[in-house]
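Note: the block below is model.cif and it holds mmCIF, C-alpha atoms.
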data_my_file
#
loop_
_atom_site.label_atom_id
_atom_site.label_comp_id
_atom_site.auth_asym_id
_atom_site.auth_seq_id
_atom_site.Cartn_x
_atom_site.Cartn_y
_atom_site.Cartn_z
CA MET A 20 78.68 22.72 19.03
CA LEU A 21 75.43 24.61 18.49
CA LYS A 22 77.21 27.15 16.32
CA GLY A 23 78.67 24.43 14.10
CA LEU A 24 75.34 22.61 13.78
CA SER A 25 73.47 25.83 13.06
CA GLU A 26 75.85 26.48 10.15
CA VAL A 27 75.00 23.02 8.83
CA ALA A 28 71.28 23.76 9.13
CA SER A 29 71.58 27.21 7.55
CA ARG A 30 73.15 25.81 4.39
CA GLY A 31 70.33 23.24 4.05
CA ALA A 32 72.35 20.15 4.94
CA LYS A 33 70.00 19.18 7.79
CA THR A 34 67.53 16.38 7.02
CA ASP A 35 64.00 15.86 8.34
CA LYS A 36 65.35 13.33 10.84
CA GLY A 37 68.13 15.59 12.07
CA PHE A 38 71.82 15.85 11.30
CA LYS A 39 73.78 13.32 9.26
CA GLU A 40 76.56 11.39 10.94
CA VAL A 41 79.16 12.93 8.64
CA GLU A 42 78.10 16.42 9.76
CA LYS A 43 78.26 15.40 13.42
CA LEU A 44 81.76 14.05 12.83
CA LYS A 45 82.87 17.34 11.28
CA VAL A 46 81.48 19.27 14.25
CA ALA A 47 83.22 16.88 16.67
CA LYS A 48 86.56 17.55 14.93
CA ARG A 49 85.99 21.32 15.10
CA ILE A 50 85.25 21.12 18.82
CA SER A 51 88.33 18.94 19.38
CA SER A 52 90.57 21.50 17.73
CA PHE A 53 88.96 24.26 19.78
CA VAL A 54 89.17 22.68 23.25
CA GLY A 55 92.45 20.83 22.69
CA TYR A 56 91.30 17.28 23.40
CA ASP A 57 89.39 14.60 21.52
CA VAL A 58 85.60 14.93 21.37
CA SER A 59 83.78 11.86 20.06
CA ILE A 60 80.74 11.79 17.82
CA THR A 61 78.87 10.08 20.69
CA GLN A 62 79.46 13.13 22.87
CA VAL A 63 78.10 15.36 20.12
CA HIS A 64 75.08 13.11 19.78
CA ASN A 65 74.41 13.28 23.54
CA HIS A 66 74.70 17.07 23.53
CA ILE A 67 72.30 17.30 20.60
CA ARG A 68 69.76 15.27 22.55
CA LYS A 69 70.22 17.51 25.60
CA TRP A 70 69.73 20.71 23.62
CA ARG A 71 66.79 19.27 21.67
CA ASN A 72 65.05 18.47 24.97
CA ARG A 73 65.80 22.00 26.11
CA TRP A 74 64.28 23.39 22.89
CA THR A 75 61.18 21.20 23.30
CA ARG A 76 60.67 22.54 26.81
CA LEU A 77 61.20 26.10 25.59
CA VAL A 78 58.53 25.68 22.89
CA TYR A 79 56.13 24.47 25.59
CA LEU A 80 56.91 27.46 27.84
CA LYS A 81 56.34 29.92 24.98
CA ALA A 82 52.84 28.46 24.59
CA LEU A 83 51.93 28.83 28.27
CA SER A 84 48.83 30.86 29.06
CA GLY A 85 49.94 34.36 30.00
CA ALA A 86 53.47 33.93 28.62
CA LEU A 87 54.90 36.66 26.38
CA TRP A 88 57.87 36.42 24.03
CA ASP A 89 60.45 39.23 23.97
CA ASP A 90 62.09 38.79 20.58
CA ASP A 91 64.72 41.47 21.25
CA LYS A 92 66.03 39.78 24.39
CA LYS A 93 65.06 36.25 23.28
CA MET A 94 63.21 35.73 26.54
CA VAL A 95 59.98 34.08 27.72
CA VAL A 96 58.29 36.58 30.05
CA LEU A 97 55.86 35.62 32.81
CA GLU A 98 54.30 37.96 35.36
CA GLU A 99 55.70 37.54 38.86
CA GLN A 100 52.67 35.68 40.23
CA HIS A 101 52.59 33.24 37.32
CA TYR A 102 56.37 32.86 37.44
CA LEU A 103 56.42 31.99 41.14
CA GLY A 104 53.55 29.52 40.76
CA HIS A 105 55.08 27.79 37.75
CA THR A 106 58.63 27.56 39.10
CA GLN A 107 57.32 26.18 42.39
CA ASP A 108 55.79 23.24 40.49
CA HIS A 109 58.57 23.06 37.86
CA PRO A 110 61.80 24.44 39.40
CA ALA A 111 63.87 23.26 36.42
CA ASP A 112 62.08 25.81 34.20
CA ALA A 113 63.36 28.77 36.20
CA GLU A 114 66.45 29.18 34.02
CA LEU A 115 64.29 29.39 30.87
CA LEU A 116 61.89 32.05 32.18
CA ASN A 117 62.36 35.81 32.60
CA SER A 118 66.01 35.63 31.57
CA PRO A 119 67.64 36.09 28.12
CA LEU A 120 68.40 32.87 26.26
CA GLU A 121 71.95 33.25 24.98
CA ASN A 122 71.84 30.38 22.47
CA TYR A 123 68.24 30.80 21.26
CA ASP A 124 69.16 31.64 17.65
CA TYR A 125 71.41 28.60 17.40
CA MET A 126 68.73 26.33 18.89
CA GLU A 127 66.10 27.67 16.51
CA LEU A 128 68.29 26.95 13.49
CA CYS A 129 69.15 23.46 14.74
CA PHE A 130 65.77 22.22 15.96
CA ALA A 131 62.94 24.33 14.51
CA ASN A 132 61.48 23.44 11.11
CA LYS A 133 61.25 26.92 9.65
CA HIS A 134 63.50 26.79 6.59
CA ALA A 135 61.22 27.68 3.68
CA THR A 136 63.09 27.99 0.40
CA GLY A 137 60.71 30.52 -1.14
CA LYS A 138 60.99 28.74 -4.47
CA TYR A 139 57.24 28.85 -5.16
CA ALA A 140 56.38 31.92 -3.10
CA MET A 141 54.15 34.58 -4.68
CA GLY A 142 54.05 38.23 -3.70
CA PRO A 143 50.88 39.76 -2.17
CA GLY A 144 50.28 41.88 -5.25
CA VAL A 145 50.43 39.01 -7.72
CA PRO A 146 46.94 37.99 -8.90
CA LEU A 147 45.84 34.38 -8.64
CA GLY A 148 46.29 32.40 -11.82
CA THR A 149 49.66 33.96 -12.62
CA PRO A 150 52.07 31.36 -14.09
CA ILE A 151 54.62 30.06 -11.60
CA VAL A 152 58.10 30.40 -13.08
CA VAL A 153 60.20 27.29 -12.57
CA GLU A 154 63.92 27.44 -13.33
CA ASP A 155 63.99 24.07 -15.13
CA LYS A 156 63.48 24.86 -18.81
CA ASP A 157 62.12 21.37 -19.52
CA LYS A 158 59.13 21.89 -17.19
CA PRO A 159 56.11 23.86 -18.43
CA ASN A 160 54.62 26.80 -16.56
CA VAL A 161 51.42 25.78 -14.76
CA MET A 162 48.59 28.19 -14.07
CA GLU A 163 47.33 28.02 -10.50
CA GLY A 164 44.16 25.94 -10.37
CA GLU A 165 44.64 24.63 -13.91
CA GLY A 166 45.92 21.23 -14.97
CA THR A 167 46.78 18.14 -12.99
CA THR A 168 50.03 16.31 -12.62
CA ASP A 169 49.04 13.88 -15.38
CA GLU A 170 48.18 16.74 -17.74
CA VAL A 171 51.52 18.38 -17.11
CA LEU A 172 53.35 15.11 -17.83
CA GLN A 173 51.43 14.73 -21.06
CA HIS A 174 52.84 18.02 -22.42
CA LEU A 175 56.44 17.53 -21.37
CA PRO A 176 58.87 17.62 -24.31
CA GLY A 177 59.61 14.10 -25.55
CA SER A 178 57.07 12.55 -23.16
CA ASN A 179 55.03 9.52 -24.29
CA PHE A 180 52.67 9.82 -21.36
CA VAL A 181 48.97 9.33 -22.25
CA LEU A 182 46.09 10.24 -19.98
CA PRO A 183 44.26 7.07 -18.88
CA THR A 184 40.65 6.57 -19.96
CA ALA A 185 37.77 6.39 -17.52
CA SER A 186 37.50 2.61 -17.87
CA ALA A 187 41.22 2.18 -17.28
CA THR A 188 41.08 4.14 -14.04
CA GLN A 189 38.39 1.92 -12.55
CA ASP A 190 39.86 -0.61 -10.14
CA PRO A 191 37.73 -3.74 -9.94
CA SER A 192 39.54 -5.01 -6.86
CA PRO A 193 37.57 -4.87 -3.58
CA THR A 194 40.41 -3.00 -1.94
CA SER A 195 39.91 0.03 -4.20
CA ASN A 196 37.15 1.35 -1.91
CA LYS A 197 39.47 1.62 1.05
CA LYS A 198 40.18 5.15 2.21
CA ARG A 199 43.72 6.33 1.73
CA LYS A 200 45.61 7.44 4.79
CA ARG A 201 46.03 11.17 4.98
CA ALA A 202 49.40 12.53 5.93
CA SER A 203 49.56 14.59 9.10
CA GLY A 204 49.58 18.34 8.48
CA LEU A 205 51.28 19.08 11.81
CA THR A 206 54.86 20.20 11.99
CA GLU A 207 57.24 18.74 14.57
CA GLU A 208 56.81 21.86 16.70
CA ASP A 209 52.99 21.64 16.52
CA SER A 210 53.11 17.96 17.48
CA ILE A 211 55.24 18.80 20.51
CA GLN A 212 52.78 21.48 21.60
CA CYS A 213 49.81 19.11 21.18
CA SER A 214 51.61 16.43 23.20
CA ASN A 215 52.46 18.90 25.96
CA MET A 216 48.88 20.20 26.04
CA THR A 217 47.59 16.62 26.36
CA ASP A 218 49.92 15.96 29.29
CA ALA A 219 48.87 19.23 30.93
CA MET A 220 45.17 18.37 30.59
CA ARG A 221 45.80 14.98 32.18
CA GLU A 222 47.56 16.64 35.10
CA ILE A 223 44.64 19.05 35.54
CA ALA A 224 42.11 16.19 35.44
CA SER A 225 44.15 14.25 37.99
CA ALA A 226 44.38 17.30 40.26
CA ILE A 227 40.60 17.82 40.08
CA ASN A 228 39.97 14.18 40.99
CA ASN A 229 42.39 14.37 43.89
CA THR A 230 40.62 17.40 45.40
CA CYS A 231 37.61 15.24 46.28
CA HIS A 232 37.94 14.62 50.02
CA ALA A 233 41.69 15.04 49.80
CA GLU A 234 41.93 16.13 53.46
CA THR A 235 42.08 13.83 56.51
CA HIS A 236 39.94 14.86 59.47
CA PRO A 237 42.16 16.02 62.37
CA ASP A 238 40.05 14.00 64.88
CA LEU A 239 40.22 10.73 62.95
CA TYR A 240 43.19 9.36 64.89
CA LYS A 241 41.54 10.00 68.26
CA ALA A 242 38.17 8.65 67.10
CA VAL A 243 39.75 5.31 66.12
CA MET A 244 42.39 4.88 68.81
CA ASP A 245 39.91 5.65 71.64
CA LEU A 246 37.95 2.48 70.81
CA LEU A 247 39.78 0.47 73.48
CA VAL A 248 37.39 -2.48 73.18
CA PHE A 249 39.43 -3.45 70.11
CA ASN A 250 43.09 -4.43 70.22
CA GLN A 251 45.82 -2.12 68.94
CA ASP A 252 46.49 -4.04 65.72
CA GLU A 253 42.83 -3.80 64.73
CA ARG A 254 42.69 -0.08 65.51
CA LEU A 255 45.83 0.66 63.51
CA ALA A 256 44.55 -1.40 60.56
CA VAL A 257 41.21 0.43 60.53
CA LEU A 258 43.00 3.78 60.91
CA ASP A 259 45.07 3.05 57.79
CA TYR A 260 41.92 2.01 55.94
CA LEU A 261 40.01 5.19 56.86
CA THR A 262 43.03 7.36 56.08
CA GLU A 263 43.14 5.88 52.58
CA HIS A 264 39.35 6.22 52.14
CA LYS A 265 38.95 9.89 53.04
CA ALA A 266 35.16 10.12 52.65
CA LYS A 267 34.57 7.13 54.94
CA GLY A 268 36.99 8.62 57.46
CA LEU A 269 35.01 11.88 57.56
CA ASN A 270 31.76 10.00 58.20
CA PHE A 271 33.42 7.84 60.87
CA VAL A 272 34.37 10.91 62.92
CA LYS A 273 30.78 12.23 62.82
CA MET A 274 29.28 9.01 64.28
CA ASP A 275 28.38 8.59 67.96
CA ASP A 276 30.20 5.96 70.02
CA GLU A 277 27.78 3.06 69.50
CA VAL A 278 27.46 3.59 65.75
CA ARG A 279 31.22 4.03 65.51
CA LYS A 280 31.83 0.65 67.18
CA ALA A 281 29.35 -1.01 64.84
CA SER A 282 31.05 0.62 61.85
CA PHE A 283 34.45 -0.52 63.14
CA LYS A 284 33.26 -4.16 63.33
CA ARG A 285 31.72 -3.85 59.87
CA ILE A 286 34.99 -2.61 58.36
CA LEU A 287 36.90 -5.55 59.88
CA LYS A 288 34.30 -8.02 58.67
CA ALA A 289 34.22 -6.60 55.12
CA ASN A 290 38.02 -6.49 54.95
CA PRO A 291 39.39 -9.62 56.65
CA GLY A 292 42.85 -8.98 55.22
CA LEU A 293 43.36 -5.70 57.07
CA VAL A 294 44.77 -7.30 60.21
#
As a first step, turn the structure in this file into structure tokens.
Amino acid sequence: MLKGLSEVASRGAKTDKGFKEVEKLKVAKRISSFVGYDVSITQVHNHIRKWRNRWTRLVYLKALSGALWDDDKKMVVLEEQHYLGHTQDHPADAELLNSPLENYDYMELCFANKHATGKYAMGPGVPLGTPIVVEDKDKPNVMEGEGTTDEVLQHLPGSNFVLPTASATQDPSPTSNKKRKRASGLTEEDSIQCSNMTDAMREIASAINNTCHAETHPDLYKAVMDLLVFNQDERLAVLDYLTEHKAKGLNFVKMDDEVRKASFKRILKANPGLV
């Protein structure tokens, strides 16, 4: 499937939104003839989604700190320590790290936006201001930095276009002062990386917050359950409360017996719904 779709992408038939339904149907028919049973366009669509998600994850892994890309083997390389730490937190990434990616070239053609036509490319030795040659004979050559779109239209053969005057360009409507929305300059791949970096920063912030008094004191259970002047339901309720509020649990263990009893009563009074 990837091979068939990559051929579609290589000949420029892929759109910004992906592959056309007619191209998916052609690929489905090719797969059906290859495997010997019917493959529906829905199955092709589902496989495209699976491989696109795989490509998105691969782009994220290539951008990891400390990750290297081996272009000969098509492999994301992580040092052993980083590899073990990452795969422990994300075991599903193990198959994408430190092992050659057999279908990388096909995935890149199908899902990466890197198909420049070179139509307006200029060589490094060409000085600025050199006319750009356009194949259409009806379009004039434009010097870089000279002329606007309106000026070019004015000189087109057979064109009746006239440059507007200064008064004509003034818009008296109050909405003319509104700022125009600027189109995003990020590619799909850049957007994915930004999104993944945002998610990673949120995970780091959450981990930092959770490190504050994340441990439960080993003597907390004994300190609460030894207060036999209170019934078992009350002790279990307060134990759950102090386990959830780690900092208060640490202070509770440090108290002497009389202060601890007073604190116990205070917790029950402040939280009547515990029991």
Picked residues, the PyMOL selection byres ((chain A and resi 252-264) around 10), expected as number ranges by chain: A: 232-236, 239-251, 265-271, 283-284, 286-287, 290, 292-294
Decode the PyMOL selection byres ((chain A and resi 214-217) around 10) for the given file into explicit residues and return them as a list in words.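 Evaluating the PyMOL selection byres ((chain A and resi 214-217) around 10) on this file yields Thr75, Arg76, Val78, Tyr79, Leu80, Ala82, Leu83, Glu208, Asp209, Ser210, Ile211, Gln212, Cys213, Asp218, Ala219, Met220, Arg221, Glu222 and Ile223 of chain A.
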Interatomic distance, atom CA of A:Ala47 to atom CA of A:Ser59 (Å, one decimal):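 Those two atoms sit 6.1 Å apart.
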Suppose you want the space between atom CA of A:Ile50 and atom CA of A:Ser29; what is it in Å?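 Atom CA of A:Ser29 lies at a distance of 18.7 Å from atom CA of A:Ile50.
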For this file, the PyMOL selection byres ((chain A and resi 48) around 12) selects which residues, as a short mmCIF file (atom, residue, chain, number, x, y, z; two decimals) with C-alpha atoms, in the frame of the given file?
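part11.cif was written with the following content:
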data_model
loop_
_atom_site.label_atom_id
_atom_site.label_comp_id
_atom_site.auth_asym_id
_atom_site.auth_seq_id
_atom_site.Cartn_x
_atom_site.Cartn_y
_atom_site.Cartn_z
CA MET A 20 78.68 22.72 19.03
CA GLY A 23 78.67 24.43 14.10
CA VAL A 41 79.16 12.93 8.64
CA GLU A 42 78.10 16.42 9.76
CA LYS A 43 78.26 15.40 13.42
CA LEU A 44 81.76 14.05 12.83
CA LYS A 45 82.87 17.34 11.28
CA VAL A 46 81.48 19.27 14.25
CA ALA A 47 83.22 16.88 16.67
CA ARG A 49 85.99 21.32 15.10
CA ILE A 50 85.25 21.12 18.82
CA SER A 51 88.33 18.94 19.38
CA SER A 52 90.57 21.50 17.73
CA PHE A 53 88.96 24.26 19.78
CA VAL A 54 89.17 22.68 23.25
CA GLY A 55 92.45 20.83 22.69
CA TYR A 56 91.30 17.28 23.40
CA ASP A 57 89.39 14.60 21.52
CA VAL A 58 85.60 14.93 21.37
CA SER A 59 83.78 11.86 20.06
CA ILE A 60 80.74 11.79 17.82
CA GLN A 62 79.46 13.13 22.87
CA VAL A 63 78.10 15.36 20.12
#
So the first atom is atom CA of A:Ala28 and the second is atom CA of A:Leu87; what is the distance between them in Å, to one decimal place?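 A separation of 27.1 Å between them.
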Could you pull the residues within 10 Å of A:Asp124, counting only C-alpha atoms, minus those fewer than 6 positions along the same chain, as a list of chain:residue names?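 Here the qualifying residues turn out to be A:Leu21, A:Lys22, A:Ser25, A:Lys93.
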Put the listed atoms of stretch 35-51 of chain A in a box along x, y and z with 4 Å added on every side and give me the centre and edge lengths in Å to one decimal, as AutoDock Vina command-line options.
--center_x 76.2 --center_y 16.4 --center_z 13.9 --size_x 32.3 --size_y 17.9 --size_z 19.0
Polymer residues at most 12 Å from A:Leu103, only C-alpha atoms, same-chain spacing of 6 or more positions, as a list in words: Leu97, His109, Pro110, Asp112, Ala113, Leu116 and Asn117 of chain A
Which polymer residues have any atom within 10 Å of an atom of A:Arg71, counting only C-alpha atoms, with same-chain residues fewer than 5 positions away left out, as a PyMOL selection string? chain A and resi 65-66+76-77+126-127+129-131
Writing out the chosen residues with C-alpha atoms as a CSV table (one decimal), keeping the file's coordinate frame:
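Okay, this is what ended up in again-v6.csv:
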chain,number,residue,atom,x,y,z
A,65,ASN,CA,74.4,13.3,23.5
A,66,HIS,CA,74.7,17.1,23.5
A,76,ARG,CA,60.7,22.5,26.8
A,77,LEU,CA,61.2,26.1,25.6
A,126,MET,CA,68.7,26.3,18.9
A,127,GLU,CA,66.1,27.7,16.5
A,129,CYS,CA,69.2,23.5,14.7
A,130,PHE,CA,65.8,22.2,16.0
A,131,ALA,CA,62.9,24.3,14.5
